$ cat target37.cif   # mmCIF, C-alpha atoms
data_coords
loop_
_atom_site.label_atom_id
_atom_site.label_comp_id
_atom_site.auth_asym_id
_atom_site.auth_seq_id
_atom_site.Cartn_x
_atom_site.Cartn_y
_atom_site.Cartn_z
CA MET A 1 -9.94 -12.38 -5.16
CA ILE A 2 -8.63 -9.38 -3.31
CA GLU A 3 -9.75 -7.94 0.01
CA LEU A 4 -8.91 -5.16 2.44
CA THR A 5 -10.19 -5.94 5.91
CA ASN A 6 -10.16 -4.73 9.48
CA ASP A 7 -10.73 -8.28 10.73
CA PRO A 8 -8.07 -10.88 11.55
CA ILE A 9 -7.00 -12.88 8.50
CA ASP A 10 -8.08 -16.52 8.47
CA PRO A 11 -5.47 -18.43 6.42
CA THR A 12 -7.60 -21.58 6.36
CA SER A 13 -10.49 -19.87 4.60
CA LEU A 14 -8.03 -18.29 2.17
CA LEU A 15 -6.64 -21.73 1.32
CA GLN A 16 -10.18 -22.99 0.75
CA GLN A 17 -10.82 -20.11 -1.66
CA VAL A 18 -7.97 -21.12 -3.96
CA ALA A 19 -8.45 -24.88 -3.58
CA SER A 20 -9.23 -26.73 -6.81
CA HIS A 21 -9.01 -30.22 -8.24
CA GLN A 22 -6.97 -28.68 -11.07
CA ALA A 23 -4.27 -27.63 -8.58
CA GLY A 24 -1.32 -29.77 -7.63
CA ALA A 25 0.19 -27.02 -5.51
CA VAL A 26 -0.99 -24.32 -3.15
CA VAL A 27 1.44 -21.70 -1.82
CA LEU A 28 0.48 -19.50 1.14
CA PHE A 29 2.48 -16.45 2.20
CA LEU A 30 1.76 -14.63 5.46
CA GLY A 31 3.38 -11.34 6.45
CA THR A 32 3.38 -11.11 10.25
CA THR A 33 4.12 -8.47 12.85
CA ARG A 34 7.75 -8.76 13.98
CA GLU A 35 8.84 -7.73 17.47
CA PHE A 36 12.34 -6.42 16.73
CA THR A 37 13.61 -4.25 13.88
CA GLY A 38 17.31 -4.10 14.63
CA SER A 39 17.41 -3.20 18.30
CA ARG A 40 14.06 -1.41 18.31
CA GLN A 41 11.14 -3.19 19.90
CA THR A 42 7.68 -3.02 18.34
CA GLU A 43 4.54 -3.11 20.44
CA SER A 44 2.01 -2.95 17.61
CA LEU A 45 1.56 -1.75 14.02
CA ASP A 46 -1.13 0.49 12.59
CA TYR A 47 -1.99 0.04 8.91
CA GLU A 48 -3.85 2.54 6.77
CA CYS A 49 -4.52 2.67 3.05
CA TYR A 50 -5.97 4.74 0.24
CA PRO A 51 -8.89 2.35 -0.21
CA GLU A 52 -10.01 3.12 -3.79
CA MET A 53 -6.49 2.98 -5.19
CA ALA A 54 -5.32 0.05 -3.03
CA GLU A 55 -8.23 -2.07 -4.31
CA LYS A 56 -7.53 -1.03 -7.88
CA LYS A 57 -3.81 -1.85 -7.57
CA LEU A 58 -4.48 -5.20 -5.90
CA ASN A 59 -6.87 -6.11 -8.73
CA GLU A 60 -4.22 -5.10 -11.27
CA LEU A 61 -1.65 -7.30 -9.49
CA GLU A 62 -4.01 -10.27 -9.55
CA CYS A 63 -4.70 -9.77 -13.27
CA GLU A 64 -1.01 -9.43 -14.10
CA ALA A 65 -0.10 -12.56 -12.09
CA ARG A 66 -2.78 -14.50 -13.99
CA ASP A 67 -1.33 -13.21 -17.28
CA ARG A 68 2.27 -13.99 -16.44
CA TRP A 69 1.93 -17.40 -14.80
CA SER A 70 -0.29 -20.35 -15.37
CA ILE A 71 -2.16 -20.35 -12.07
CA VAL A 72 -5.51 -21.80 -11.09
CA ASP A 73 -6.54 -19.25 -8.49
CA CYS A 74 -5.16 -16.45 -6.41
CA ALA A 75 -6.29 -14.60 -3.28
CA ILE A 76 -4.73 -11.52 -1.68
CA VAL A 77 -5.91 -10.12 1.65
CA HIS A 78 -4.44 -7.13 3.47
CA ARG A 79 -5.36 -6.24 7.03
CA LEU A 80 -5.89 -2.65 8.18
CA GLY A 81 -6.04 -1.05 11.63
CA GLN A 82 -3.99 -2.03 14.66
CA LEU A 83 -2.14 -5.37 14.78
CA GLY A 84 -0.42 -6.99 17.72
CA LEU A 85 2.80 -9.01 17.55
CA GLY A 86 2.58 -12.18 15.45
CA GLU A 87 -0.67 -11.19 13.72
CA ALA A 88 -0.84 -11.49 9.93
CA SER A 89 -0.98 -8.18 8.07
CA VAL A 90 -1.07 -9.73 4.61
CA ALA A 91 -1.87 -13.14 3.15
CA ILE A 92 -1.37 -14.33 -0.40
CA ALA A 93 -2.54 -17.75 -1.55
CA VAL A 94 -1.85 -19.07 -5.05
CA SER A 95 -2.82 -22.43 -6.51
CA SER A 96 -1.42 -23.93 -9.70
CA ALA A 97 -1.14 -27.26 -11.48
CA HIS A 98 2.58 -27.45 -10.65
CA ARG A 99 4.41 -25.80 -7.75
CA LYS A 100 6.81 -23.58 -9.70
CA ASN A 101 4.12 -21.22 -10.98
CA ALA A 102 2.50 -20.89 -7.54
CA PHE A 103 5.85 -20.09 -5.89
CA GLN A 104 6.88 -17.60 -8.57
CA ALA A 105 3.53 -15.83 -8.74
CA GLY A 106 3.30 -15.67 -4.95
CA GLN A 107 6.78 -14.18 -4.61
CA TRP A 108 6.10 -11.62 -7.34
CA LEU A 109 2.75 -10.68 -5.79
CA ILE A 110 4.15 -9.91 -2.33
CA ASP A 111 7.24 -8.14 -3.72
CA THR A 112 5.15 -5.97 -6.04
CA LEU A 113 2.47 -5.32 -3.43
CA LYS A 114 5.16 -3.86 -1.18
CA GLU A 115 6.31 -1.54 -3.97
CA VAL A 116 3.11 -0.19 -5.50
CA VAL A 117 -0.01 -0.69 -3.37
CA PRO A 118 -0.86 2.43 -1.34
CA ILE A 119 -0.85 0.91 2.13
CA TRP A 120 1.28 2.22 5.00
CA LYS A 121 2.35 0.92 8.37
CA LYS A 122 3.11 2.90 11.48
CA GLU A 123 5.42 1.43 14.08
CA ASN A 124 4.18 1.84 17.63
CA TRP A 125 7.46 1.29 19.47
CA ALA A 126 7.70 -0.17 22.94
CA ASP A 127 9.29 3.09 24.17
CA GLY A 128 6.04 4.93 23.38
CA THR A 129 7.21 6.71 20.21
CA THR A 130 5.67 6.14 16.77
CA ASP A 131 7.01 6.29 13.21
CA TRP A 132 5.39 5.96 9.81
CA VAL A 133 7.46 3.53 7.76
CA HIS A 134 8.49 4.96 4.39
CA PRO A 135 11.26 2.94 2.71
CA GLY A 136 13.92 5.23 1.29
CA LEU A 137 12.53 8.22 3.17
CA THR A 138 12.47 7.42 6.87
CA ASN A 139 13.41 4.28 8.75
CA GLU A 140 13.95 1.24 6.55
CA GLU A 141 11.84 -1.81 7.11
CA MET B 1 -9.61 26.16 -9.60
CA LYS B 2 -9.66 24.42 -6.26
CA VAL B 3 -8.33 20.88 -6.07
CA GLU B 4 -8.88 18.60 -3.09
CA VAL B 5 -5.79 16.54 -2.21
CA LYS B 6 -5.90 13.44 -0.03
CA LEU B 7 -2.94 12.99 2.31
CA PHE B 8 -1.68 9.77 3.87
CA ALA B 9 0.82 8.59 6.47
CA VAL B 10 3.70 11.04 6.98
CA ALA B 11 2.16 13.62 4.61
CA LYS B 12 -1.04 13.57 6.67
CA GLN B 13 1.03 13.87 9.84
CA ILE B 14 3.02 16.86 8.56
CA ALA B 15 -0.02 18.78 7.29
CA ASN B 16 -2.12 17.58 10.21
CA ALA B 17 -5.02 16.96 7.82
CA GLU B 18 -6.46 14.02 5.88
CA SER B 19 -7.16 16.24 2.91
CA VAL B 20 -6.41 19.81 1.93
CA ALA B 21 -7.79 22.21 -0.66
CA VAL B 22 -5.19 23.74 -2.96
CA GLU B 23 -5.86 26.75 -5.18
CA LEU B 24 -4.34 26.27 -8.64
CA ALA B 25 -4.53 27.89 -12.06
CA ASP B 26 -6.83 26.15 -14.53
CA ARG B 27 -5.01 23.31 -16.33
CA ALA B 28 -2.29 23.28 -13.66
CA THR B 29 0.03 20.28 -13.69
CA VAL B 30 0.98 17.77 -11.01
CA GLY B 31 4.34 19.57 -10.76
CA GLN B 32 2.60 22.87 -10.04
CA LEU B 33 0.46 21.14 -7.44
CA ARG B 34 3.64 19.91 -5.70
CA ASP B 35 4.97 23.50 -5.56
CA ALA B 36 1.66 24.79 -4.20
CA LEU B 37 1.54 22.08 -1.52
CA VAL B 38 5.07 22.90 -0.35
CA ALA B 39 4.22 26.63 -0.28
CA GLN B 40 1.12 25.87 1.80
CA PHE B 41 2.84 23.31 4.06
CA PRO B 42 6.60 24.07 4.21
CA GLY B 43 7.07 20.96 6.35
CA LEU B 44 6.43 18.88 3.21
CA ALA B 45 9.51 20.33 1.45
CA PRO B 46 12.03 17.70 2.64
CA VAL B 47 9.77 14.78 1.71
CA MET B 48 8.05 16.02 -1.46
CA SER B 49 10.64 14.52 -3.83
CA HIS B 50 9.87 11.08 -2.33
CA ILE B 51 6.10 11.47 -2.60
CA ALA B 52 4.23 10.12 -5.62
CA VAL B 53 1.10 11.87 -6.80
CA ALA B 54 -1.92 9.85 -7.87
CA VAL B 55 -4.56 11.36 -10.13
CA ASN B 56 -7.80 9.39 -10.31
CA ALA B 57 -6.11 6.52 -8.46
CA GLN B 58 -3.24 6.31 -10.96
CA TYR B 59 0.42 7.22 -10.34
CA SER B 60 0.97 10.37 -12.39
CA ALA B 61 4.03 12.21 -13.71
CA ASP B 62 4.64 15.91 -13.07
CA ASP B 63 3.40 16.92 -16.54
CA VAL B 64 -0.09 15.46 -16.06
CA ILE B 65 -2.75 18.17 -16.21
CA LEU B 66 -5.30 18.44 -13.41
CA THR B 67 -8.94 19.42 -13.54
CA ALA B 68 -11.16 20.63 -10.73
CA ASP B 69 -12.81 17.22 -10.45
CA SER B 70 -9.55 15.22 -10.46
CA GLU B 71 -9.21 12.89 -7.48
CA VAL B 72 -5.71 13.73 -6.26
CA ALA B 73 -3.65 12.03 -3.56
CA CYS B 74 -0.15 12.30 -2.11
CA ILE B 75 1.39 8.83 -1.84
CA PRO B 76 4.49 8.69 0.38
CA PRO B 77 6.68 5.57 -0.14
CA VAL B 78 4.37 2.64 0.58
CA SER B 79 4.99 0.13 3.36
CA GLY B 80 2.25 -2.46 3.19
CA GLY B 81 2.91 -6.14 3.71
#
$ encode --input "target37.cif" --output "structure tokens"
Amino acid sequence: MIELTNDPIDPTSLLQQVASHQAGAVVLFLGTTREFTGSRQTESLDYECYPEMAEKKLNELECEARDRWSIVDCAIVHRLGQLGLGEASVAIAVSSAHRKNAFQAGQWLIDTLKEVVPIWKKENWADGTTDWVHPGLTNEE
Amino acid sequence: MKVEVKLFAVAKQIANAESVAVELADRATVGQLRDALVAQFPGLAPVMSHIAVAVNAQYSADDVILTADSEVACIPPVSGG
């Protein structure tokens, strides 16, 4: 299951979505809004995406994870819009019979999501300035 | 032919538009589209080499040929998560 949403992410409902009697392990990853990047203070983040392609890429990631690892279920949710400090921007839940597959698939999913899915964050700094984050181009994450 | 190009994040900021129309020769390539975009928006020149181009929601190399109904987008380095 993949989802792009403007609403706050509810990790509990995500865990319920991947729950199964076949699973002996459930791994949940949350990406959250951090206050400091080096010495720069963040007030909030704005996320935008290219919806059609982001959904397509997220579906491809889910399919590839299911091909590569023996997992029971998998759910990926990415938040869009403005997020305050501490809020979750992304959540990935993976269930599997044994923990190793859930850990490995979860790690691969978040790493690959950050490389290929067309979603962008803008830093709204505490000093009132803003920057789009583009790894390798502008400020590093 | 006229191709509509979606812009995101810093590309949108530089061009000050969410999408732009670019006039191209028939059967123009992604590479030719890049040149046309930079000519139209010189501010994109320093970032163009970092921008990926998606055609019909698929990352596409510079030799991919465009048609008037291609869905084209400029994808600056992504920063989701």
$ residues_around --input "target37.cif" --residues "A:Leu80" --least-positions-apart "3" --cutoff "8 Å" --atoms "only C-alpha atoms" --output "list in words"
Leu4, Thr5, Asn6, Asp7, Asp46, Tyr47, Glu48, Cys49 and Ser89 of chain A
$ atom_distance --input "target37.cif" --atom1 "atom CA of B:Leu66" --atom2 "atom CA of A:Trp132"
28.4 Å
$ interface_residues --input "target37.cif" --of "chain A" --to "chain B" --cutoff "8 Å" --atoms "all atoms listed in the file" --output "VMD selection string"
chain A and resid 31 47 to 50 52 to 53 56 78 89 to 90 110 113 to 122 132 to 137
$ resolve_selection --input "target37.cif" --expression "the PyMOL selection byres ((chain A and resi 37) around 12)" --output "compact mmCIF listing (two decimals) with C-alpha atoms, in the coordinates of the input"
# COMPACT_ATOMS: atom_id res chain seq x y z
CA THR A 33 4.12 -8.47 12.85
CA ARG A 34 7.75 -8.76 13.98
CA GLU A 35 8.84 -7.73 17.47
CA PHE A 36 12.34 -6.42 16.73
CA GLY A 38 17.31 -4.10 14.63
CA SER A 39 17.41 -3.20 18.30
CA ARG A 40 14.06 -1.41 18.31
CA GLN A 41 11.14 -3.19 19.90
CA THR A 42 7.68 -3.02 18.34
CA GLU A 43 4.54 -3.11 20.44
CA GLU A 123 5.42 1.43 14.08
CA ASN A 124 4.18 1.84 17.63
CA TRP A 125 7.46 1.29 19.47
CA ALA A 126 7.70 -0.17 22.94
CA VAL A 133 7.46 3.53 7.76
CA ASN A 139 13.41 4.28 8.75
CA GLU A 140 13.95 1.24 6.55
CA GLU A 141 11.84 -1.81 7.11
$ residues_around --input "target37.cif" --residues "B:Arg34" --least-positions-apart "4" --cutoff "9 Å" --atoms "all atoms listed in the file" --output "list in words"
Thr29, Val30, Val38, Ala39, Met48, Val53 and Asp62 of chain B
